[in-house]
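Peer 1: My structure is below; once you've seen it, I'll send some questions.
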Amino acid sequence: MYGWQEDNFIGLTPQANQWHKKWSTFFAEQRIGYQLQLLAERGEPICDIDKAVEAVSRLLKGHAPLASMLHGDLWQGNIGFHKDKPTIFDPAFYYGDRETDIAMTELFSRFHDDFYQAYQDQWPLDEGYAYRKPVYQLYHVLNHALMFGGHYADSAKAMLKNMDL
């Protein structure tokens with residue numbers, strides 16, 4: 001199943017983690033829909049929430065990835081070293097599609113190319129990843145719109161338009 005036993009946070013934003021059997025339902029409702037609802041409650045509606053949730057669910061329909069343990073907020077700022085050993089921190093943990101973590105690493109400041117090559121060598125990404133990546137990245141852009149406002153809301157609107165959502 002996808003989700004986690006309790007809600008947590010991504011940055012300062014609450015992250016809903018209700019368990020779901022279908023990945024498309026979990027991501028559409030608990031990630032995109034929830035972020036859009038939080039924005040609307042703050043008086044910053046981005047789009048019609050129900051239509052966006054339905055569209056994301058349709059876009060991910062039939063994709064049933066192995067439920068993997070995810071960092072949830074994997075980017076350059078959440079990696080480092082402690083006593084000369086690589087470390088990741090500030091997780092927004094849940095079980096979901098591993099592609100979501102990879103999509104986040106490519107959103108703001110890509111990891112070194114060696115990371116992606118080693119990942120592909122160990123567990124190649126499905127060829128449909130390129131199709132799903134924008135919707136996975138949308139989650140983080142919406143979260144940045146909640147945390148920082150400004151141009152992130154405009155970016156989210158543009159992403160939604162590009163995905164015909």
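Each chain of the structure tokens is named A, B, ... in the order shown, its residues numbered from 1; ligands are numbered from 1 in display order.
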From the DSSP assignment of the backbone, select every residue of chain A that is alpha helix (DSSP H), and format the answer as a PyMOL selection string.
Peer 2: chain A and resi 23-25+34-41+49-60+99-105+113-122+129-148+151-162
Peer 1: Would you mind listing, for every residue of range 69-117 of chain A within 8 Å of range 13-33 of chain A, the two atoms forming the shortest contact and the distance between them in Å to one decimal, using only C-alpha atoms, sorted by chain and ascending residue number, as CSV?
Peer 2:
```
residue,atom,partner,partner_atom,distance
A:Ala92,CA,A:Gln15,CA,7.7
A:Tyr94,CA,A:Asn17,CA,7.0
A:Gly96,CA,A:Trp23,CA,7.2
A:Asp97,CA,A:Trp23,CA,7.7
```
Peer 1: May I have the residues within 6 Å of range 72-82 of chain A as a VMD selection string, using only C-alpha atoms and disregarding those fewer than 3 positions away in the same chain?
Peer 2: chain A and resid 85 to 89 91 to 93 101 105
Peer 1: May I have the selected residues written with C-alpha atoms, as a PDB file, in the first residue's frame?
Peer 2:
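Generated file (selection_15.pdb):
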```pdb
ATOM      1  CA  LYS A  85      29.924   9.215   5.459  1.00  0.00           C
ATOM      2  CA  PRO A  86      27.106  10.272   3.132  1.00  0.00           C
ATOM      3  CA  THR A  87      23.939  11.247   4.973  1.00  0.00           C
ATOM      4  CA  ILE A  88      20.413  12.224   4.017  1.00  0.00           C
ATOM      5  CA  PHE A  89      18.218  14.171   6.404  1.00  0.00           C
ATOM      6  CA  PRO A  91      12.791  13.299   5.304  1.00  0.00           C
ATOM      7  CA  ALA A  92       9.111  13.531   4.450  1.00  0.00           C
ATOM      8  CA  PHE A  93       8.819   9.749   4.614  1.00  0.00           C
ATOM      9  CA  ASP A 101      12.321  10.891  -5.271  1.00  0.00           C
ATOM     10  CA  THR A 105      16.430  15.350  -7.514  1.00  0.00           C
TER      11      THR A 105
END
```
Peer 1: Any chance you could tabulate, as a tab-separated table, the residues of range 24-113 of chain A at most 8 Å from range 123-137 of chain A with each one's nearest atom pair and distance in Å to one decimal, using only C-alpha atoms, in chain and rising number order?
Peer 2:
```
residue	atom	partner	partner_atom	distance
A:Val56	CA	A:Val135	CA	7.4
A:Leu59	CA	A:Arg132	CA	7.8
A:Leu60	CA	A:Arg132	CA	7.4
A:Glu99	CA	A:Tyr129	CA	6.9
A:Thr100	CA	A:Tyr136	CA	5.5
A:Ala103	CA	A:Lys133	CA	5.6
A:Met104	CA	A:Gln137	CA	6.0
A:Leu107	CA	A:Gln137	CA	6.5
```
Peer 1: How many Å separate CA of Gly150 in chain A from CA of Glu44 in chain A?
Peer 2: 10.8 Å
Peer 1: Nearest to Leu138 in chain A: which of A:Gln117, A:Gln35, A:His151, A:Lys83 is it, counting only C-alpha atoms?
Peer 2: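 When distances to Leu138 in chain A are compared using only C-alpha atoms, the smallest one comes from A:Gln35.
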Peer 1: Distance CA of Ile46 in chain A-CA of Lys61 in chain A, one decimal place?
Peer 2: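 Rounded to one decimal, the two atoms are 23.1 Å apart.
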Peer 1: When DSSP works through the backbone of this structure, what residues of range 56-110 of chain A end up as strand (DSSP E), shown as a list in words?
Peer 2: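 Strand (DSSP E) assignments inside range 56-110 of chain A correspond to Ser68, Met69, Leu70, Ile79, Gly80, Phe81, His82, Lys85, Pro86, Thr87, Ile88, Tyr94, Tyr95 and Gly96 of chain A.
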Peer 1: Which value, in Å to one decimal, gives the distance between CA of Phe148 in chain A and CA of Trp4 in chain A?
Peer 2: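 Calculated distance between CA of Phe148 in chain A and CA of Trp4 in chain A is 26.1 Å.
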Peer 1: Closest to Met1 in chain A among A:Tyr119, A:Leu142, A:Asp164, A:Ser68, using only C-alpha atoms?
Peer 2: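 For Met1 in chain A, the nearest of the candidates is A:Ser68.
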Peer 1: Rank A:Glu106, A:Asp84, A:Asp114, A:Leu36 by their smallest atom-to-atom distance to Ala52 in chain A, using only C-alpha atoms, and report the top residue only.
Peer 2: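 Answer, going by the shortest atom-to-atom distance: A:Leu36.
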Peer 1: What lies within 7 Å of Tyr95 in chain A using only C-alpha atoms, ignoring chain neighbours under 2 positions off, as a PyMOL selection string?
Peer 2: chain A and resi 2-4+67-70
Peer 1: Write the selection just made, keeping N, CA and C atoms, as a PDB file, in the first residue's frame?
Peer 2:
```pdb
ATOM      1  N   TYR A   2       0.272   2.338  -0.360  1.00  0.00           N
ATOM      2  CA  TYR A   2       0.972   3.612  -0.471  1.00  0.00           C
ATOM      3  C   TYR A   2       0.512   4.549   0.646  1.00  0.00           C
ATOM      4  N   GLY A   3       1.464   5.229   1.264  1.00  0.00           N
ATOM      5  CA  GLY A   3       1.164   6.155   2.346  1.00  0.00           C
ATOM      6  C   GLY A   3       2.082   5.893   3.519  1.00  0.00           C
ATOM      7  N   TRP A   4       1.570   6.153   4.705  1.00  0.00           N
ATOM      8  CA  TRP A   4       2.337   5.940   5.926  1.00  0.00           C
ATOM      9  C   TRP A   4       1.347   5.904   7.084  1.00  0.00           C
ATOM     10  N   ALA A  67       5.610  -0.384  -3.930  1.00  0.00           N
ATOM     11  CA  ALA A  67       5.602   0.630  -2.870  1.00  0.00           C
ATOM     12  C   ALA A  67       6.976   0.638  -2.210  1.00  0.00           C
ATOM     13  N   SER A  68       7.718   1.700  -2.456  1.00  0.00           N
ATOM     14  CA  SER A  68       9.086   1.824  -1.968  1.00  0.00           C
ATOM     15  C   SER A  68       9.169   2.841  -0.840  1.00  0.00           C
ATOM     16  N   MET A  69      10.116   2.631   0.082  1.00  0.00           N
ATOM     17  CA  MET A  69      10.377   3.625   1.122  1.00  0.00           C
ATOM     18  C   MET A  69      10.988   4.847   0.448  1.00  0.00           C
ATOM     19  N   LEU A  70      10.392   5.997   0.685  1.00  0.00           N
ATOM     20  CA  LEU A  70      10.850   7.229   0.046  1.00  0.00           C
ATOM     21  C   LEU A  70      11.369   8.218   1.061  1.00  0.00           C
TER      22      LEU A  70
END
```
